[in-house]
>>> print(open('data-v4.txt').read())   # compact mmCIF, C-alpha atoms
# COMPACT_ATOMS: atom_id res chain seq x y z
CA PRO P 30 88.12 97.79 102.19
CA ASN P 31 86.45 97.75 98.79
CA MET P 32 89.22 97.53 96.20
CA SER P 33 87.75 100.55 94.34
CA HIS P 34 88.02 102.67 97.47
CA PRO P 35 91.36 102.06 99.21
CA PRO P 36 91.81 103.58 102.65
CA THR P 37 92.14 107.35 102.56
CA ILE P 38 93.29 109.26 105.61
CA LYS P 39 92.05 112.81 105.27
CA PRO P 40 94.17 115.61 106.71
CA ASP P 41 92.75 117.47 109.67
CA THR P 42 94.22 119.04 112.78
CA ASP P 43 95.64 115.69 113.94
CA THR P 44 99.09 114.43 113.09
CA LYS P 45 99.50 111.49 110.70
CA ILE P 46 100.16 109.13 113.60
CA GLU P 47 97.01 110.31 115.40
CA ARG P 48 94.89 109.88 112.27
CA ILE P 49 96.26 106.39 111.67
CA THR P 50 95.61 105.44 115.29
CA LYS P 51 92.01 106.69 115.03
CA TRP P 52 91.45 104.78 111.77
CA LYS P 53 92.79 101.53 113.20
CA SER P 54 90.69 101.99 116.31
CA ALA P 55 87.53 102.62 114.27
CA VAL P 56 87.76 99.88 111.63
CA GLY P 57 90.55 97.60 112.81
CA PRO P 58 94.30 97.57 112.22
CA SER P 59 94.04 95.15 109.28
CA SER P 60 92.37 97.87 107.17
CA LEU P 61 95.72 99.67 106.95
CA ALA P 62 97.88 96.57 106.65
CA THR P 63 100.96 97.06 104.48
CA LEU P 64 103.37 94.73 102.76
CA PRO P 65 106.75 94.17 104.40
CA ALA P 66 109.41 96.25 102.66
CA GLY P 67 110.98 94.28 99.82
CA HIS P 68 108.28 91.58 99.96
CA THR P 69 107.92 89.22 97.00
CA ASN P 70 106.90 85.63 96.31
CA PRO P 71 108.05 82.96 93.82
CA ARG P 72 105.10 83.50 91.46
CA VAL P 73 105.70 87.23 91.18
CA SER P 74 109.45 86.75 90.81
CA ALA P 75 108.80 84.35 87.93
CA MET P 76 106.32 86.79 86.40
CA ILE P 77 108.86 89.63 86.53
CA THR P 78 111.50 87.43 84.90
CA HIS P 79 109.06 86.43 82.17
CA HIS P 80 108.09 90.02 81.43
CA SER P 81 111.70 91.19 81.29
CA SER P 82 112.67 88.44 78.83
CA ASN P 83 109.47 88.62 76.78
CA ASN P 84 108.90 92.35 76.55
CA VAL P 85 106.13 92.13 73.99
CA SER P 86 105.86 95.24 71.86
CA ILE P 87 102.52 96.94 71.48
CA ALA P 88 101.18 99.40 68.97
CA ALA P 89 102.13 103.04 69.39
CA SER P 90 100.00 104.29 72.20
CA GLU P 91 99.38 107.25 74.45
CA TYR P 92 99.85 107.16 78.18
CA HIS P 93 96.86 108.62 80.00
CA CYS P 94 97.97 110.24 83.26
CA ILE P 95 95.57 112.25 85.43
CA THR P 96 98.07 113.56 87.97
CA GLU P 97 97.81 116.97 86.31
CA SER P 98 94.01 117.00 86.07
CA LYS P 99 92.52 120.38 86.88
CA PRO P 100 92.53 120.64 90.70
CA ALA P 101 89.46 121.47 92.74
CA ALA P 102 89.09 125.17 93.46
CA ASN P 103 89.38 124.66 97.23
CA LEU P 104 92.57 122.59 97.03
CA PRO P 105 95.44 124.03 99.08
CA ARG P 106 98.08 125.63 96.88
CA ALA P 107 100.74 123.23 98.18
CA ASN P 108 98.79 120.35 96.64
CA ILE P 109 98.42 121.90 93.18
CA PRO P 110 100.64 120.39 90.48
CA SER P 111 104.05 121.96 89.80
CA LEU P 112 107.31 121.18 87.29
CA GLN P 113 107.99 120.97 83.29
CA VAL P 114 108.34 123.11 86.54
CA GLY P 115 106.08 125.48 88.51
CA LEU P 116 102.47 126.58 88.81
CA ASN P 117 100.91 129.81 90.02
CA LYS P 118 104.42 131.27 90.36
CA ILE P 119 105.38 128.52 92.84
CA VAL P 120 107.93 125.76 92.19
CA ASN P 121 107.64 122.94 94.72
CA ARG P 122 110.40 120.42 95.26
CA TRP P 123 111.73 118.29 98.09
CA LYS P 124 114.41 119.64 100.39
CA VAL P 125 117.78 117.98 99.92
CA PRO P 126 119.19 115.77 101.22
CA ASN P 127 115.97 113.84 101.75
CA THR P 128 114.64 110.29 101.78
CA VAL P 129 111.01 109.97 100.69
CA ASN P 130 109.62 106.78 102.22
CA PHE P 131 106.73 104.84 100.74
CA ALA P 132 104.61 101.97 102.02
CA ALA P 133 102.33 99.65 100.04
CA TYR P 134 98.82 98.67 101.12
CA ALA P 135 98.31 94.92 101.42
CA LYS P 136 94.52 95.18 101.03
CA GLY P 137 92.19 96.17 98.22
CA TYR P 138 93.78 94.44 95.22
CA PRO P 139 91.94 91.89 93.05
CA THR P 140 94.62 89.25 93.83
CA ASP P 141 97.47 88.79 96.29
CA ASP P 142 99.98 88.61 93.44
CA ALA P 143 98.75 91.92 92.02
CA ARG P 144 99.59 93.79 95.20
CA VAL P 145 103.07 92.25 95.38
CA TYR P 146 103.76 92.87 91.69
CA ALA P 147 102.70 96.53 91.87
CA ALA P 148 104.85 97.18 94.93
CA GLN P 149 107.84 95.49 93.27
CA MET P 150 107.43 97.55 90.10
CA LEU P 151 107.18 100.78 92.09
CA ASN P 152 110.29 99.84 94.02
CA ASP P 153 112.17 99.06 90.79
CA ALA P 154 111.18 102.46 89.38
CA CYS P 155 112.38 104.07 92.62
CA LYS P 156 115.76 102.40 92.16
CA ASP P 157 116.11 103.94 88.69
CA TRP P 158 115.43 107.44 90.04
CA ASN P 159 117.69 106.80 93.04
CA ALA P 160 120.53 105.92 90.66
CA LEU P 161 120.61 109.58 89.54
CA GLN P 162 121.75 110.60 93.04
CA LEU P 163 119.60 113.73 93.07
CA GLY P 164 119.89 114.26 96.81
CA VAL P 165 116.30 112.97 97.06
CA SER P 166 115.87 109.19 97.21
CA PHE P 167 112.94 106.83 97.61
CA LYS P 168 112.80 103.99 100.14
CA TRP P 169 110.23 101.22 100.66
CA VAL P 170 109.29 100.94 104.34
CA THR P 171 106.98 98.51 106.10
CA LYS P 172 105.06 100.82 108.41
CA ILE P 173 102.62 103.36 107.04
CA GLU P 174 103.51 105.55 110.02
CA ASP P 175 107.00 105.96 108.52
CA ALA P 176 105.80 106.72 104.98
CA ALA P 177 105.48 109.99 103.08
CA PHE P 178 103.22 108.25 100.58
CA VAL P 179 101.46 104.92 100.17
CA LEU P 180 100.75 102.79 97.10
CA ALA P 181 97.07 101.85 96.72
CA TYR P 182 94.86 100.11 94.16
CA GLY P 183 92.24 102.48 92.79
CA GLY P 184 89.99 100.08 90.88
CA ASP P 185 88.71 100.78 87.35
CA GLN P 186 89.39 104.27 86.02
CA GLY P 187 88.95 103.51 82.35
CA SER P 188 92.06 104.26 80.29
CA THR P 189 93.99 105.68 83.25
CA LEU P 190 96.90 103.55 84.46
CA ALA P 191 98.09 105.42 87.54
CA ARG P 192 98.00 108.68 89.44
CA SER P 193 100.48 110.31 91.79
CA PHE P 194 101.06 113.73 93.37
CA PHE P 195 103.46 116.66 93.45
CA PRO P 196 105.71 117.76 96.34
CA ASN P 197 103.44 119.16 99.06
CA ASP P 198 103.11 119.71 102.79
CA ASP P 199 100.80 116.74 103.41
CA ASP P 200 102.28 114.17 105.78
CA LEU P 201 100.79 111.25 103.82
CA SER P 202 100.04 111.24 100.09
CA THR P 203 98.88 108.41 97.80
CA VAL P 204 100.06 106.91 94.52
CA TYR P 205 97.24 104.97 92.83
CA VAL P 206 97.59 102.15 90.34
CA TYR P 207 94.45 101.28 88.39
CA LYS P 208 92.89 98.19 86.84
CA ARG P 209 94.10 98.85 83.30
CA ALA P 210 97.74 98.81 84.43
CA PHE P 211 97.33 95.08 85.15
CA GLU P 212 95.90 94.23 81.73
CA PRO P 213 97.82 92.56 78.84
CA GLY P 214 99.93 95.04 76.91
CA TYR P 215 100.32 97.24 79.99
CA VAL P 216 101.25 95.06 82.95
CA ASN P 217 104.75 94.33 81.60
CA TYR P 218 105.36 98.10 81.45
CA MET P 219 104.17 98.90 84.96
CA LYS P 220 107.66 99.91 86.05
CA ASN P 221 107.71 102.44 83.19
CA VAL P 222 104.36 103.79 84.32
CA PHE P 223 105.78 104.32 87.80
CA LEU P 224 108.87 106.03 86.35
CA HIS P 225 106.50 108.65 84.94
CA GLU P 226 104.47 108.96 88.13
CA LEU P 227 107.58 109.27 90.31
CA GLY P 228 108.67 112.08 88.03
CA HIS P 229 105.57 113.93 89.22
CA VAL P 230 106.41 113.05 92.83
CA LEU P 231 109.79 114.71 92.27
CA GLY P 232 108.06 117.79 90.88
CA LEU P 233 108.22 117.19 87.13
CA ARG P 234 105.30 118.18 84.95
CA HIS P 235 104.31 116.82 81.57
CA GLU P 236 106.69 117.54 78.71
CA PHE P 237 103.87 119.26 76.82
CA ALA P 238 102.82 121.42 79.80
CA PRO P 239 103.74 124.78 78.15
CA GLU P 240 101.26 124.22 75.31
CA GLN P 241 98.45 122.38 77.09
CA GLU P 242 98.67 123.10 80.81
CA GLY P 243 100.44 126.44 81.29
CA ASP P 244 102.08 127.99 84.36
CA THR P 245 105.37 126.20 83.89
CA VAL P 246 109.09 126.90 83.77
CA GLN P 247 111.30 124.94 81.38
CA LEU P 248 114.54 123.35 82.56
CA GLY P 249 116.87 121.87 79.96
CA VAL P 250 115.96 120.94 76.41
CA ARG P 251 112.55 119.85 75.16
CA ASN P 252 112.29 116.16 74.30
CA GLU P 253 109.07 114.66 72.97
CA ASP P 254 110.31 111.24 74.09
CA SER P 255 110.73 112.38 77.71
CA VAL P 256 109.61 110.03 80.46
CA MET P 257 107.18 112.85 81.28
CA SER P 258 105.56 112.76 77.83
CA TYR P 259 102.47 110.74 76.92
CA SER P 260 104.36 108.30 74.67
CA PHE P 261 103.95 104.71 75.82
CA PRO P 262 105.79 103.08 77.38
CA PRO P 263 107.46 105.99 79.21
CA GLU P 264 111.25 105.70 78.97
CA MET P 265 113.86 107.65 80.92
CA GLN P 266 115.89 109.86 78.56
CA LYS P 267 119.33 111.41 79.04
CA SER P 268 117.62 114.80 78.94
CA ASP P 269 115.34 113.72 81.81
CA GLU P 270 118.38 112.77 83.86
CA SER P 271 120.30 116.00 83.21
CA SER P 272 117.29 118.31 83.64
CA THR P 273 116.19 116.68 86.89
CA LYS P 274 119.73 116.91 88.23
CA GLU P 275 119.70 120.60 87.32
CA PHE P 276 116.39 121.02 89.14
CA TYR P 277 117.78 119.49 92.33
>>> encode(input="data-v4.txt", output="structure tokens")
Amino acid sequence: PNMSHPPTIKPDTDTKIERITKWKSAVGPSSLATLPAGHTNPRVSAMITHHSSNNVSIAASEYHCITESKPAANLPRANIPSLQVGLNKIVNRWKVPNTVNFAAYAKGYPTDDARVYAAQMLNDACKDWNALQLGVSFKWVTKIEDAAFVLAYGGDQGSTLARSFFPNDDDLSTVYVYKRAFEPGYVNYMKNVFLHELGHVLGLRHEFAPEQEGDTVQLGVRNEDSVMSYSFPPEMQKSDESSTKEFY
């Protein structure tokens, strides 16, 4: 598929498995190829080591996230953003105990290393959230049929680095990583970007939601340095850990 338009499986009356089967039948199974869980290669491993030991600082910046962009009017309520927490008097979260599986598309990226690097960074961010033992954990799986969401490359979206989703009833959602996230000054913070986006997947809204986005319920103390703020790079705070534990 064109790297700016990764495969999208639109919900209809079919089950996820039926939709995937139809897609593979129509355009070929390779269009939905995914990386094996835990996959890496020597080049990406070396790149990760280099970034971790040469974490070059950048000027104070703002993280542009569009997960909480104004939803379309016809969007089902279950898909509308929720948690600082909550929207339209509904607070969505995952049932516990629960394992939220993700897969990673193998197609659509500008390079093979880019797809492996992004999947590794998402998995590393998942491990940080898993360490909180919320009762909800993330797991990288190989088959898209087993996944609750899939990582995809979304091409060039200007200043936007990534986009995710909030807890919903869809049987397959998507986390997008965009071109800018691979550029100098950002690529070495991709794990941090995914920490923020996985916060949304868990149900967390932006730290500034009460002032700028509305329809939210506050849990715990306000912290302008929250991983859910727009400060860059996003960093997990003790208040994020305690408030998310309270939420779950």
>>> closest_atom_pairs(input="data-v4.txt", of="stretch 177-219 of chain P", to="stretch 123-141 of chain P", cutoff="10 Å", atoms="all atoms listed in the file", output="CSV")
residue,atom,partner,partner_atom,distance
P:Ala177,CA,P:Asn130,CA,5.3
P:Phe178,CA,P:Phe131,CA,4.9
P:Val179,CA,P:Ala132,CA,4.7
P:Leu180,CA,P:Ala133,CA,4.6
P:Ala181,CA,P:Tyr134,CA,5.7
P:Tyr182,CA,P:Tyr138,CA,5.9
P:Gly183,CA,P:Gly137,CA,8.3
P:Gly184,CA,P:Tyr138,CA,8.1
P:Phe195,CA,P:Trp123,CA,9.6
P:Pro196,CA,P:Trp123,CA,6.3
P:Asn197,CA,P:Trp123,CA,8.4
P:Asp198,CA,P:Trp123,CA,9.9
P:Leu201,CA,P:Phe131,CA,9.3
P:Ser202,CA,P:Phe131,CA,9.3
P:Thr203,CA,P:Phe131,CA,9.1
P:Val204,CA,P:Phe131,CA,9.4
P:Val206,CA,P:Tyr138,CA,9.9
P:Tyr207,CA,P:Tyr138,CA,9.7
P:Lys208,CA,P:Pro139,CA,8.9
>>> atom_distance(input="data-v4.txt", atom1="atom CA of P:Leu151", atom2="atom CA of P:Gly214")
17.8 Å
>>> closest_residue(input="data-v4.txt", among="P:His225, P:Arg209, P:Arg234, P:His68", to="P:Pro263", atoms="all atoms listed in the file")
P:His225
>>> closest_residue(input="data-v4.txt", among="P:Tyr259, P:Tyr146, P:Trp52, P:Tyr277", to="P:Phe211", atoms="all atoms listed in the file")
P:Tyr146
>>> residues_around(input="data-v4.txt", residues="P:Gln149", least_positions_apart="4", cutoff="8 Å", atoms="only C-alpha atoms", output="list in words")
Gly67, His68, Thr69, Val145 and Asp153 of chain P
>>> atom_distance(input="data-v4.txt", atom1="atom CA of P:Asn159", atom2="atom CA of P:Asn121")
19.1 Å
>>> atom_distance(input="data-v4.txt", atom1="atom CA of P:Val216", atom2="atom CA of P:Lys172")
26.4 Å
>>> closest_residue(input="data-v4.txt", among="P:Ser81, P:Thr171, P:Asp200, P:Val120", to="P:Glu47", atoms="all atoms listed in the file")
P:Asp200
>>> residues_around(input="data-v4.txt", residues="P:Arg72", least_positions_apart="3", cutoff="8 Å", atoms="all atoms listed in the file", output="compact mmCIF listing (two decimals) with C-alpha atoms, keeping the file's coordinate frame")
# COMPACT_ATOMS: atom_id res chain seq x y z
CA ALA P 75 108.80 84.35 87.93
CA MET P 76 106.32 86.79 86.40
CA ASP P 142 99.98 88.61 93.44
>>> residues_around(input="data-v4.txt", residues="P:Glu270", least_positions_apart="6", cutoff="12 Å", atoms="all atoms listed in the file", output="ChimeraX atom specification")
/P:157-163,224,228,233,248-250,252,255-257,264,276-277
>>> closest_residue(input="data-v4.txt", among="P:Ile46, P:Cys155, P:Val165, P:Ala148", to="P:Tyr205", atoms="all atoms listed in the file")
P:Ala148
>>> closest_residue(input="data-v4.txt", among="P:Lys220, P:Glu174, P:Ala154, P:Thr189", to="P:Thr50", atoms="all atoms listed in the file")
P:Glu174
>>> closest_residue(input="data-v4.txt", among="P:Ala147, P:Val56, P:Leu64, P:Met219", to="P:His80", atoms="all atoms listed in the file")
P:Met219
>>> residues_around(input="data-v4.txt", residues="P:Tyr218", least_positions_apart="6", cutoff="9 Å", atoms="all atoms listed in the file", output="mmCIF file with C-alpha atoms, in the frame of the given file")
data_model
loop_
_atom_site.group_PDB
_atom_site.id
_atom_site.type_symbol
_atom_site.label_atom_id
_atom_site.label_comp_id
_atom_site.auth_asym_id
_atom_site.auth_seq_id
_atom_site.Cartn_x
_atom_site.Cartn_y
_atom_site.Cartn_z
ATOM 1 C CA HIS P 80 108.090 90.020 81.430
ATOM 2 C CA ASN P 84 108.900 92.350 76.550
ATOM 3 C CA MET P 150 107.430 97.550 90.100
ATOM 4 C CA ALA P 210 97.740 98.810 84.430
ATOM 5 C CA PHE P 261 103.950 104.710 75.820
ATOM 6 C CA PRO P 262 105.790 103.080 77.380
ATOM 7 C CA PRO P 263 107.460 105.990 79.210
#
>>> decode(input="data-v4.txt", residues="stretch 252-271 of chain P", atoms="N, CA and C atoms", output="mmCIF file, in the first residue's frame")
data_model
loop_
_atom_site.group_PDB
_atom_site.id
_atom_site.type_symbol
_atom_site.label_atom_id
_atom_site.label_comp_id
_atom_site.auth_asym_id
_atom_site.auth_seq_id
_atom_site.Cartn_x
_atom_site.Cartn_y
_atom_site.Cartn_z
ATOM 1 N N ASN P 252 -0.461 18.359 37.040
ATOM 2 C CA ASN P 252 0.987 18.411 36.867
ATOM 3 C C ASN P 252 1.276 18.826 35.441
ATOM 4 N N GLU P 253 1.802 20.035 35.276
ATOM 5 C CA GLU P 253 2.053 20.547 33.927
ATOM 6 C C GLU P 253 3.153 19.776 33.208
ATOM 7 N N ASP P 254 3.895 18.955 33.942
ATOM 8 C CA ASP P 254 4.925 18.121 33.323
ATOM 9 C C ASP P 254 4.436 16.706 33.044
ATOM 10 N N SER P 255 3.143 16.466 33.207
ATOM 11 C CA SER P 255 2.558 15.142 32.981
ATOM 12 C C SER P 255 2.935 14.592 31.612
ATOM 13 N N VAL P 256 3.025 13.276 31.520
ATOM 14 C CA VAL P 256 3.253 12.632 30.228
ATOM 15 C C VAL P 256 2.121 12.957 29.263
ATOM 16 N N MET P 257 0.976 13.398 29.796
ATOM 17 C CA MET P 257 -0.165 13.749 28.961
ATOM 18 C C MET P 257 -0.218 15.241 28.652
ATOM 19 N N SER P 258 0.837 15.984 28.987
ATOM 20 C CA SER P 258 0.907 17.389 28.613
ATOM 21 C C SER P 258 1.500 17.512 27.215
ATOM 22 N N TYR P 259 1.689 18.746 26.752
ATOM 23 C CA TYR P 259 2.292 18.966 25.441
ATOM 24 C C TYR P 259 3.778 19.296 25.541
ATOM 25 N N SER P 260 4.374 19.184 26.735
ATOM 26 C CA SER P 260 5.811 19.415 26.844
ATOM 27 C C SER P 260 6.551 18.287 26.127
ATOM 28 N N PHE P 261 7.675 18.625 25.514
ATOM 29 C CA PHE P 261 8.416 17.633 24.738
ATOM 30 C C PHE P 261 9.852 17.556 25.227
ATOM 31 N N PRO P 262 10.348 16.344 25.435
ATOM 32 C CA PRO P 262 9.682 15.053 25.211
ATOM 33 C C PRO P 262 8.768 14.683 26.377
ATOM 34 N N PRO P 263 7.664 13.977 26.109
ATOM 35 C CA PRO P 263 6.788 13.545 27.198
ATOM 36 C C PRO P 263 7.537 12.612 28.151
ATOM 37 N N GLU P 264 7.401 12.855 29.442
ATOM 38 C CA GLU P 264 8.073 12.028 30.444
ATOM 39 C C GLU P 264 7.056 11.562 31.479
ATOM 40 N N MET P 265 7.092 10.285 31.819
ATOM 41 C CA MET P 265 6.213 9.742 32.843
ATOM 42 C C MET P 265 6.558 10.345 34.198
ATOM 43 N N GLN P 266 5.538 10.888 34.891
ATOM 44 C CA GLN P 266 5.712 11.480 36.203
ATOM 45 C C GLN P 266 5.122 10.576 37.282
ATOM 46 N N LYS P 267 5.566 10.759 38.522
ATOM 47 C CA LYS P 267 4.999 9.995 39.633
ATOM 48 C C LYS P 267 3.498 10.224 39.734
ATOM 49 N N SER P 268 3.059 11.445 39.440
ATOM 50 C CA SER P 268 1.624 11.741 39.493
ATOM 51 C C SER P 268 0.866 10.985 38.408
ATOM 52 N N ASP P 269 1.496 10.777 37.244
ATOM 53 C CA ASP P 269 0.866 9.975 36.191
ATOM 54 C C ASP P 269 0.674 8.545 36.671
ATOM 55 N N GLU P 270 1.694 8.014 37.317
ATOM 56 C CA GLU P 270 1.624 6.637 37.803
ATOM 57 C C GLU P 270 0.524 6.477 38.847
ATOM 58 N N SER P 271 0.497 7.375 39.841
ATOM 59 C CA SER P 271 -0.483 7.237 40.922
ATOM 60 C C SER P 271 -1.903 7.492 40.435
#
